[in-house]
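Okay, structure first, notes after.
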Amino acid sequence: MSTTALNDLSRFPIVQAPMAGGASCPELVGAVCEAGALGFLAGGYKTAGGLYQEIKQVRGLTARPFGVNLFMPQTGRPADPAALEVYRHQLAGEATWYDTPLGEADDGRDDAYDAKLAILLDDPVRVVSFTFGCPEPEVLASFARVGTYTILTVTSADEALTAQRAGADAVCVQGVEAGGHQGAYRDDPADDAPGTGLLALLTQVRESVALPIVATGGIMRGAQIAAVLAAGADAAQLGTAFLCCPESGAHPLHKRALTDPLFTRTAFTRAFSGRPARGLVNRFMREHGPYAPAAYPEIHHLTAPIRKAAATAGDAQGMALWAGQGHRLARELPAGQLVEVLAAELDTARTDLCDTSGFAHRSTS
């Protein structure tokens, strides 16, 4: 293994992505860590007390390092009330169909950030990552003082430079292939574009900052892990690959949809949350995506009851089926076994590369 602090955290250079909404539950995190990878709890959309209880559960399942991901507060300009009201009217038919009221759009923009910081600084975990922005340097310095390793999600070289200047220990480079929300620092419809693929983005960031890099986006096989390591990453982060695991807290309909031939592609949408996120294209996305305004987390709160009611009704067409571009490669394996398979595939890919190029590579043992 590399002697960087990042790779000292786990046996294999494999990170299980924090997936907000229930998938990254304590059982999944514990199993991943016990198998030799780095598991992550998703702190997003939880109360501070709920996050604390999940941290306690993980500690009861493993003594190995694990991480917690936090969403940065949305401090930018509030959503346009008129645009929100128009979208609320558009969703009225969904509320009638699923026999549930729409949520309240003003249910909060900070995701209990300060309370979660207080918990993690008072009773530290080994790793904390951040999405949707860059914390103040004082926050990162506080984590450094308690021995917590910090990783910031970035979607551009400029964001990586901001993270480095703020004092982050590492960056998680998120390519456009990744499922779920894009972790960009700024949410502006003017920026809505296809984005940059992982390998190109990884190289841009590698040549811009002197920080360890976790690469994420569409990675489903050990050979892909080998590819991003060869391109300059220190570890690979996989989310969709772990969704099908029995330990995952993802809804059964979500798990089945990943390989269901009914869902042929993924796309970015604001339909469910008001912020660009990649998911399986379903009816809700097709009907509402073109009209959803940039309004996060207001639209997340607005659609939450619909998404819950659709899941209860067994209707995947009304759910947010977050998935990366590699979703068809998902394997229904226990989390620990999946880590072992990925590590074996990584070793094989490295051996093959050695045989063809003569390059020496880091062992995963």
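Residue numbering restarts at 1 for every chain of the structure tokens, chains are lettered A, B, ... in their displayed order, and ligands are numbered from 1 as they appear.
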* Secondary structure check, strand (DSSP E or B) residues of range 54-244 of chain A, as an MDAnalysis selection string -> chainID A and resid 66:71 127:131 149:154 170:174 180:181 213:216 235:238
Using N, CA and C atoms, can you write the selected residues to a file as a short mmCIF file (atom, residue, chain, number, x, y, z; two decimals), in the first residue's frame?
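Result file follows (result13.cif):
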```cif
data_model
loop_
_atom_site.label_atom_id
_atom_site.label_comp_id
_atom_site.auth_asym_id
_atom_site.auth_seq_id
_atom_site.Cartn_x
_atom_site.Cartn_y
_atom_site.Cartn_z
N PHE A 66 -13.76 4.20 9.33
CA PHE A 66 -14.86 4.45 8.40
C PHE A 66 -15.05 5.96 8.32
N GLY A 67 -15.84 6.38 7.35
CA GLY A 67 -16.05 7.79 7.13
C GLY A 67 -17.50 8.21 7.25
N VAL A 68 -17.70 9.52 7.37
CA VAL A 68 -19.03 10.13 7.39
C VAL A 68 -19.01 11.28 6.39
N ASN A 69 -20.03 11.35 5.55
CA ASN A 69 -20.14 12.42 4.57
C ASN A 69 -21.18 13.44 5.02
N LEU A 70 -20.86 14.73 4.84
CA LEU A 70 -21.79 15.81 5.17
C LEU A 70 -22.10 16.63 3.93
N PHE A 71 -23.35 17.11 3.86
CA PHE A 71 -23.74 18.07 2.83
C PHE A 71 -23.46 19.47 3.35
N VAL A 127 -12.55 9.61 9.20
CA VAL A 127 -12.64 10.36 7.94
C VAL A 127 -13.97 11.10 7.88
N VAL A 128 -13.92 12.34 7.40
CA VAL A 128 -15.13 13.11 7.11
C VAL A 128 -14.98 13.70 5.71
N SER A 129 -16.00 13.52 4.89
CA SER A 129 -15.98 14.11 3.55
C SER A 129 -17.12 15.11 3.43
N PHE A 130 -16.99 16.00 2.45
CA PHE A 130 -17.97 17.07 2.26
C PHE A 130 -18.40 17.11 0.80
N THR A 131 -19.69 17.40 0.58
CA THR A 131 -20.26 17.49 -0.75
C THR A 131 -21.05 18.79 -0.87
N TYR A 149 -9.30 12.81 9.06
CA TYR A 149 -8.86 13.01 7.69
C TYR A 149 -10.03 13.58 6.89
N THR A 150 -9.81 14.64 6.11
CA THR A 150 -10.91 15.30 5.40
C THR A 150 -10.75 15.16 3.88
N ILE A 151 -11.87 14.87 3.23
CA ILE A 151 -11.92 14.70 1.77
C ILE A 151 -13.04 15.60 1.23
N LEU A 152 -12.75 16.36 0.19
CA LEU A 152 -13.75 17.22 -0.42
C LEU A 152 -14.10 16.73 -1.81
N THR A 153 -15.39 16.60 -2.10
CA THR A 153 -15.85 16.23 -3.43
C THR A 153 -15.65 17.41 -4.38
N VAL A 154 -15.05 17.15 -5.54
CA VAL A 154 -14.82 18.21 -6.53
C VAL A 154 -15.22 17.71 -7.91
N ALA A 170 -7.52 15.55 1.14
CA ALA A 170 -7.64 14.85 -0.14
C ALA A 170 -8.88 15.37 -0.86
N VAL A 171 -8.99 15.02 -2.14
CA VAL A 171 -10.19 15.36 -2.91
C VAL A 171 -10.77 14.10 -3.52
N CYS A 172 -12.08 14.09 -3.65
CA CYS A 172 -12.79 13.02 -4.35
C CYS A 172 -13.23 13.60 -5.69
N VAL A 173 -12.58 13.16 -6.76
CA VAL A 173 -12.84 13.68 -8.10
C VAL A 173 -14.02 12.93 -8.70
N GLN A 174 -15.11 13.65 -8.93
CA GLN A 174 -16.36 13.04 -9.38
C GLN A 174 -16.58 13.31 -10.86
N GLY A 180 -26.33 9.65 -8.73
CA GLY A 180 -26.69 10.58 -7.66
C GLY A 180 -26.29 12.01 -8.00
N HIS A 181 -26.27 12.85 -6.97
CA HIS A 181 -26.03 14.27 -7.17
C HIS A 181 -24.58 14.57 -7.56
N ILE A 213 -5.93 11.67 -4.27
CA ILE A 213 -7.18 11.72 -5.04
C ILE A 213 -7.94 10.40 -4.92
N VAL A 214 -9.23 10.52 -4.63
CA VAL A 214 -10.17 9.42 -4.76
C VAL A 214 -10.96 9.67 -6.04
N ALA A 215 -11.00 8.70 -6.93
CA ALA A 215 -11.69 8.85 -8.21
C ALA A 215 -13.04 8.15 -8.16
N THR A 216 -14.08 8.81 -8.68
CA THR A 216 -15.40 8.20 -8.66
C THR A 216 -16.18 8.56 -9.91
N ALA A 235 -7.11 6.06 -4.83
CA ALA A 235 -8.16 5.10 -4.49
C ALA A 235 -9.34 5.34 -5.41
N ALA A 236 -10.24 4.36 -5.48
CA ALA A 236 -11.45 4.48 -6.29
C ALA A 236 -12.67 4.37 -5.40
N GLN A 237 -13.66 5.21 -5.66
CA GLN A 237 -14.90 5.19 -4.89
C GLN A 237 -16.03 4.64 -5.75
N LEU A 238 -16.76 3.66 -5.22
CA LEU A 238 -17.85 3.01 -5.94
C LEU A 238 -19.14 3.15 -5.15
#
```
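If you count only C-alpha atoms and ignore residues fewer than 4 places along the chain from range 194-200 of chain A, what sits within 7 Å of it is A:Gln174, A:Gly175, A:Val176, A:Glu177, A:Gln204, A:Gly217, A:Val228.
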* Which one is closest to Ala141 in chain A: A:Leu38, A:Ala166, A:Glu27, A:Ile119? Count only C-alpha atoms. -> A:Ala166
* Asked: Which residues in range 29-185 of chain A does DSSP call alpha helix (DSSP H)? List them as a PyMOL selection string.
  -> chain A and resi 29-34+48-61+81-90+92-97+113-122+137-145+157-166
Take the residues that were just selected and, keeping C-alpha atoms, output them as a tab-separated table (two decimals), in the first residue's frame.
```
chain	number	residue	atom	x	y	z
A	29	VAL	CA	-20.52	0.29	6.05
A	30	GLY	CA	-19.55	-2.31	8.63
A	31	ALA	CA	-19.38	-5.14	6.09
A	32	VAL	CA	-17.31	-3.07	3.66
A	33	CYS	CA	-14.83	-2.05	6.35
A	34	GLU	CA	-14.47	-5.59	7.68
A	48	ALA	CA	-27.90	15.05	13.98
A	49	GLY	CA	-29.24	12.57	16.52
A	50	GLY	CA	-29.97	10.01	13.81
A	51	LEU	CA	-26.44	10.33	12.47
A	52	TYR	CA	-24.99	9.88	15.95
A	53	GLN	CA	-26.96	6.66	16.44
A	54	GLU	CA	-25.76	5.29	13.09
A	55	ILE	CA	-22.14	6.09	13.99
A	56	LYS	CA	-22.62	4.10	17.20
A	57	GLN	CA	-24.06	1.20	15.20
A	58	VAL	CA	-21.09	1.13	12.83
A	59	ARG	CA	-18.68	1.14	15.78
A	60	GLY	CA	-20.51	-1.90	17.08
A	61	LEU	CA	-19.97	-3.69	13.76
A	81	PRO	CA	-40.81	31.45	-5.06
A	82	ALA	CA	-42.73	31.87	-8.31
A	83	ALA	CA	-40.83	29.05	-10.01
A	84	LEU	CA	-41.39	26.82	-7.00
A	85	GLU	CA	-45.11	27.56	-7.02
A	86	VAL	CA	-45.35	26.69	-10.72
A	87	TYR	CA	-43.58	23.38	-10.08
A	88	ARG	CA	-45.82	22.68	-7.08
A	89	HIS	CA	-48.86	23.05	-9.34
A	90	GLN	CA	-47.28	20.74	-11.90
A	92	ALA	CA	-50.43	18.29	-8.05
A	93	GLY	CA	-51.38	15.35	-10.26
A	94	GLU	CA	-48.65	13.22	-8.67
A	95	ALA	CA	-49.97	14.06	-5.21
A	96	THR	CA	-53.46	13.02	-6.27
A	97	TRP	CA	-52.24	9.84	-7.95
A	113	TYR	CA	-24.75	21.05	9.41
A	114	ASP	CA	-23.53	22.78	12.57
A	115	ALA	CA	-25.02	20.14	14.87
A	116	LYS	CA	-23.41	17.36	12.83
A	117	LEU	CA	-20.06	19.14	12.92
A	118	ALA	CA	-20.32	19.36	16.70
A	119	ILE	CA	-20.96	15.61	16.99
A	120	LEU	CA	-18.05	14.71	14.71
A	121	LEU	CA	-15.63	17.04	16.49
A	122	ASP	CA	-16.72	15.89	19.96
A	137	PRO	CA	-10.51	26.59	6.57
A	138	GLU	CA	-11.25	26.80	10.29
A	139	VAL	CA	-13.57	23.79	10.03
A	140	LEU	CA	-10.94	21.69	8.25
A	141	ALA	CA	-8.30	22.81	10.76
A	142	SER	CA	-10.59	21.74	13.62
A	143	PHE	CA	-10.89	18.27	12.13
A	144	ALA	CA	-7.13	18.10	11.68
A	145	ARG	CA	-6.66	18.89	15.36
A	157	ALA	CA	-9.71	21.50	-11.22
A	158	ASP	CA	-10.74	24.91	-9.89
A	159	GLU	CA	-12.77	23.30	-7.11
A	160	ALA	CA	-9.80	21.07	-6.28
A	161	LEU	CA	-7.55	24.13	-5.97
A	162	THR	CA	-10.08	25.73	-3.63
A	163	ALA	CA	-10.11	22.56	-1.53
A	164	GLN	CA	-6.32	22.51	-1.36
A	165	ARG	CA	-6.14	26.16	-0.31
A	166	ALA	CA	-8.74	25.55	2.40
```
* Do you have the CA of Arg350 in chain A-CA of Ala223 in chain A distance handy? -> 8.0 Å
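Residues with any atom within 9 Å of Arg278 in chain A, counting only C-alpha atoms and excluding same-chain neighbours fewer than 4 positions away, are Val176, Glu177, Ala178, Gly179, Gly180, His181, Gln182, Thr266, Ala267, Phe268, Thr269, Leu321, Trp322, Ala323, Gly324 and Gln325 of chain A.
Coordinates place CA of Asp234 in chain A at a distance of 9.6 Å from CA of Leu211 in chain A.
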Excluding range 239-245 of chain A and residues on its chain fewer than 5 positions from it, collect all residues at most 7 Å away from it, counting only C-alpha atoms, and give them as a JSON list (two decimals) with all heavy atoms, in the first residue's frame.
```json
[["chain", "number", "residue", "atom", "x", "y", "z"],
["A", 16, "GLN", "N", -16.30, 2.77, -0.46],
["A", 16, "GLN", "CA", -17.75, 2.65, -0.70],
["A", 16, "GLN", "C", -18.35, 4.04, -0.56],
["A", 16, "GLN", "O", -18.22, 4.69, 0.47],
["A", 16, "GLN", "CB", -18.37, 1.67, 0.29],
["A", 16, "GLN", "CG", -19.89, 1.73, 0.40],
["A", 16, "GLN", "CD", -20.31, 2.33, 1.72],
["A", 16, "GLN", "OE1", -19.88, 1.91, 2.79],
["A", 16, "GLN", "NE2", -21.16, 3.35, 1.67],
["A", 17, "ALA", "N", -18.99, 4.51, -1.61],
["A", 17, "ALA", "CA", -19.49, 5.88, -1.65],
["A", 17, "ALA", "C", -20.59, 6.10, -0.61],
["A", 17, "ALA", "O", -21.41, 5.21, -0.36],
["A", 17, "ALA", "CB", -20.03, 6.21, -3.04],
["A", 19, "MET", "N", -24.04, 7.23, 0.13],
["A", 19, "MET", "CA", -25.23, 7.42, -0.70],
["A", 19, "MET", "C", -26.39, 7.80, 0.20],
["A", 19, "MET", "O", -26.94, 6.98, 0.93],
["A", 19, "MET", "CB", -25.54, 6.13, -1.47],
["A", 19, "MET", "CG", -24.45, 5.76, -2.47],
["A", 19, "MET", "SD", -24.65, 4.11, -3.21],
["A", 19, "MET", "CE", -24.03, 3.05, -1.86],
["A", 23, "ALA", "N", -29.26, 4.11, 1.51],
["A", 23, "ALA", "CA", -28.46, 2.99, 1.00],
["A", 23, "ALA", "C", -27.22, 2.75, 1.84],
["A", 23, "ALA", "O", -26.87, 1.60, 2.14],
["A", 23, "ALA", "CB", -28.06, 3.26, -0.45],
["A", 179, "GLY", "N", -23.39, 8.28, -10.38],
["A", 179, "GLY", "CA", -24.80, 8.32, -10.04],
["A", 179, "GLY", "C", -25.06, 9.29, -8.90],
["A", 179, "GLY", "O", -24.15, 9.68, -8.18],
["A", 220, "MET", "N", -17.21, 0.01, -11.74],
["A", 220, "MET", "CA", -17.95, -1.18, -11.33],
["A", 220, "MET", "C", -17.10, -2.45, -11.28],
["A", 220, "MET", "O", -17.55, -3.48, -10.79],
["A", 220, "MET", "CB", -19.12, -1.42, -12.30],
["A", 220, "MET", "CG", -20.09, -0.27, -12.44],
["A", 220, "MET", "SD", -21.09, 0.03, -10.97],
["A", 220, "MET", "CE", -22.20, -1.38, -11.01],
["A", 250, "ALA", "N", -30.85, 0.39, 0.26],
["A", 250, "ALA", "CA", -31.65, 0.83, -0.89],
["A", 250, "ALA", "C", -32.94, 0.02, -0.97],
["A", 250, "ALA", "O", -32.98, -1.16, -0.60],
["A", 250, "ALA", "CB", -30.85, 0.68, -2.19],
["A", 255, "LYS", "N", -32.97, -1.59, -6.21],
["A", 255, "LYS", "CA", -31.96, -2.61, -6.50],
["A", 255, "LYS", "C", -32.29, -3.37, -7.78],
["A", 255, "LYS", "O", -31.41, -3.59, -8.64],
["A", 255, "LYS", "CB", -31.86, -3.59, -5.32],
["A", 255, "LYS", "CG", -31.33, -2.98, -4.03],
["A", 255, "LYS", "CD", -31.23, -4.03, -2.94],
["A", 255, "LYS", "CE", -30.71, -3.44, -1.64],
["A", 255, "LYS", "NZ", -30.50, -4.47, -0.58],
["A", 323, "ALA", "N", -28.42, 6.24, -10.02],
["A", 323, "ALA", "CA", -27.53, 5.19, -10.54],
["A", 323, "ALA", "C", -26.50, 5.82, -11.47],
["A", 323, "ALA", "O", -26.79, 6.78, -12.18],
["A", 323, "ALA", "CB", -28.33, 4.13, -11.31],
["A", 324, "GLY", "N", -25.30, 5.25, -11.45],
["A", 324, "GLY", "CA", -24.25, 5.69, -12.37],
["A", 324, "GLY", "C", -24.38, 5.01, -13.71],
["A", 324, "GLY", "O", -25.19, 4.10, -13.92],
["A", 327, "HIS", "N", -24.51, 1.03, -14.27],
["A", 327, "HIS", "CA", -25.50, 0.30, -13.47],
["A", 327, "HIS", "C", -25.77, -1.10, -13.99],
["A", 327, "HIS", "O", -26.07, -2.02, -13.19],
["A", 327, "HIS", "CB", -26.80, 1.08, -13.39],
["A", 327, "HIS", "CG", -27.51, 1.26, -14.69],
["A", 327, "HIS", "ND1", -28.53, 0.41, -15.09],
["A", 327, "HIS", "CD2", -27.37, 2.17, -15.68],
["A", 327, "HIS", "CE1", -28.98, 0.81, -16.27],
["A", 327, "HIS", "NE2", -28.29, 1.87, -16.66],
["A", 330, "ALA", "N", -23.98, -4.07, -12.29],
["A", 330, "ALA", "CA", -24.18, -4.35, -10.86],
["A", 330, "ALA", "C", -24.27, -5.85, -10.60],
["A", 330, "ALA", "O", -24.83, -6.60, -11.41],
["A", 330, "ALA", "CB", -25.46, -3.66, -10.38],
["A", 331, "ARG", "N", -23.69, -6.27, -9.47],
["A", 331, "ARG", "CA", -23.68, -7.69, -9.09],
["A", 331, "ARG", "C", -24.31, -7.85, -7.72],
["A", 331, "ARG", "O", -23.97, -7.13, -6.79],
["A", 331, "ARG", "CB", -22.23, -8.21, -9.08],
["A", 331, "ARG", "CG", -21.59, -8.18, -10.44],
["A", 331, "ARG", "CD", -20.15, -8.64, -10.42],
["A", 331, "ARG", "NE", -19.24, -7.62, -9.95],
["A", 331, "ARG", "CZ", -17.93, -7.60, -10.20],
["A", 331, "ARG", "NH1", -17.39, -8.58, -10.92],
["A", 331, "ARG", "NH2", -17.16, -6.65, -9.75],
["A", 332, "GLU", "N", -25.22, -8.81, -7.61],
["A", 332, "GLU", "CA", -25.91, -9.05, -6.34],
["A", 332, "GLU", "C", -25.05, -9.93, -5.44],
["A", 332, "GLU", "O", -25.29, -11.13, -5.30],
["A", 332, "GLU", "CB", -27.28, -9.68, -6.59],
["A", 332, "GLU", "CG", -28.24, -8.79, -7.37],
["A", 332, "GLU", "CD", -29.60, -9.43, -7.56],
["A", 332, "GLU", "OE1", -29.97, -10.27, -6.70],
["A", 332, "GLU", "OE2", -30.29, -9.11, -8.53],
["A", 333, "LEU", "N", -24.05, -9.33, -4.84],
["A", 333, "LEU", "CA", -23.13, -10.05, -3.96],
["A", 333, "LEU", "C", -23.14, -9.41, -2.57],
["A", 333, "LEU", "O", -23.33, -8.20, -2.45],
["A", 333, "LEU", "CB", -21.70, -9.98, -4.51],
["A", 333, "LEU", "CG", -21.43, -10.63, -5.87],
["A", 333, "LEU", "CD1", -20.00, -10.32, -6.31],
["A", 333, "LEU", "CD2", -21.67, -12.13, -5.79],
["A", 334, "PRO", "N", -22.94, -10.19, -1.53],
["A", 334, "PRO", "CA", -22.74, -9.60, -0.21],
["A", 334, "PRO", "C", -21.59, -8.60, -0.27],
["A", 334, "PRO", "O", -20.63, -8.77, -1.04],
["A", 334, "PRO", "CB", -22.41, -10.80, 0.67],
["A", 334, "PRO", "CG", -23.02, -11.96, -0.02],
["A", 334, "PRO", "CD", -22.89, -11.66, -1.49],
["A", 335, "ALA", "N", -21.66, -7.55, 0.52],
["A", 335, "ALA", "CA", -20.70, -6.46, 0.43],
["A", 335, "ALA", "C", -19.27, -6.94, 0.62],
["A", 335, "ALA", "O", -18.35, -6.53, -0.11],
["A", 335, "ALA", "CB", -21.04, -5.38, 1.46]]
```
* Structure fact -> Using only C-alpha atoms, the residue out of A:Asp107, A:Val125, A:Pro101, A:Thr75 with shortest distance to Leu41 in chain A is A:Val125
* Out of A:Ala37, A:Ala112, A:Val209, A:Ala304, which residue has the shortest atom-to-atom distance to Asn7 in chain A when counting only C-alpha atoms? ->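 Of A:Ala37, A:Ala112, A:Val209, A:Ala304, the one nearest Asn7 in chain A, counting only C-alpha atoms, is A:Ala37.
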* Considering only C-alpha atoms, return as a list in words whatever protein or nucleic-acid residues lie within 10 Å of Gly21 in chain A, sequence-local ones (same chain, fewer than 2 positions apart) excluded. =>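 The contact residues come out as Pro18, Met19, Ala23, Ser24, Cys25, Ala42, Gly43, Gly44, Tyr45, Lys46, Gly249, Ala250, His251 and Ala320 of chain A.
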* To do: In Å, rounded to a single decimal, give me how far CA of Arg270 in chain A is from CA of Pro293 in chain A.
  =>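 Computing the Euclidean distance for CA of Pro293 in chain A and CA of Arg270 in chain A yields 7.0 Å.
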* Asked: Out of A:Met319, A:Leu353, A:Val15, A:Ala184, which residue has the shortest atom-to-atom distance to Gly133 in chain A when counting only C-alpha atoms?
  ->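 When distances to Gly133 in chain A are compared using only C-alpha atoms, the smallest one comes from A:Ala184.
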Hey, which bits of range 242-263 of chain A sit within 9 Å of range 280-292 of chain A, and for each residue what's the closest pair of atoms and how far apart in Å (one decimal), counting only C-alpha atoms, rows by chain and increasing number, as JSON lines?
```
{"residue": "A:Ala257", "atom": "CA", "partner": "A:Leu280", "partner_atom": "CA", "distance": 8.0}
{"residue": "A:Leu258", "atom": "CA", "partner": "A:Leu280", "partner_atom": "CA", "distance": 7.8}
{"residue": "A:Phe263", "atom": "CA", "partner": "A:Leu280", "partner_atom": "CA", "distance": 6.3}
```
Deliver the residues from the most recent selection as a file, using N, CA and C atoms, as a short mmCIF file (atom, residue, chain, number, x, y, z; two decimals), in the first residue's frame.
```
data_model
loop_
_atom_site.label_atom_id
_atom_site.label_comp_id
_atom_site.auth_asym_id
_atom_site.auth_seq_id
_atom_site.Cartn_x
_atom_site.Cartn_y
_atom_site.Cartn_z
N ALA A 257 -34.15 -2.40 -10.25
CA ALA A 257 -34.18 -1.54 -11.43
C ALA A 257 -32.82 -1.39 -12.08
N LEU A 258 -31.74 -1.55 -11.30
CA LEU A 258 -30.39 -1.36 -11.84
C LEU A 258 -30.11 -2.26 -13.04
N PHE A 263 -35.30 -0.27 -17.76
CA PHE A 263 -34.58 0.99 -17.58
C PHE A 263 -33.30 0.92 -18.40
#
```
* Measuring atom to atom with only C-alpha atoms, identify which of A:Arg221, A:Arg64, A:Arg11, A:Arg109 is nearest to Leu342 in chain A. =>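 The closest residue to Leu342 in chain A is A:Arg221.
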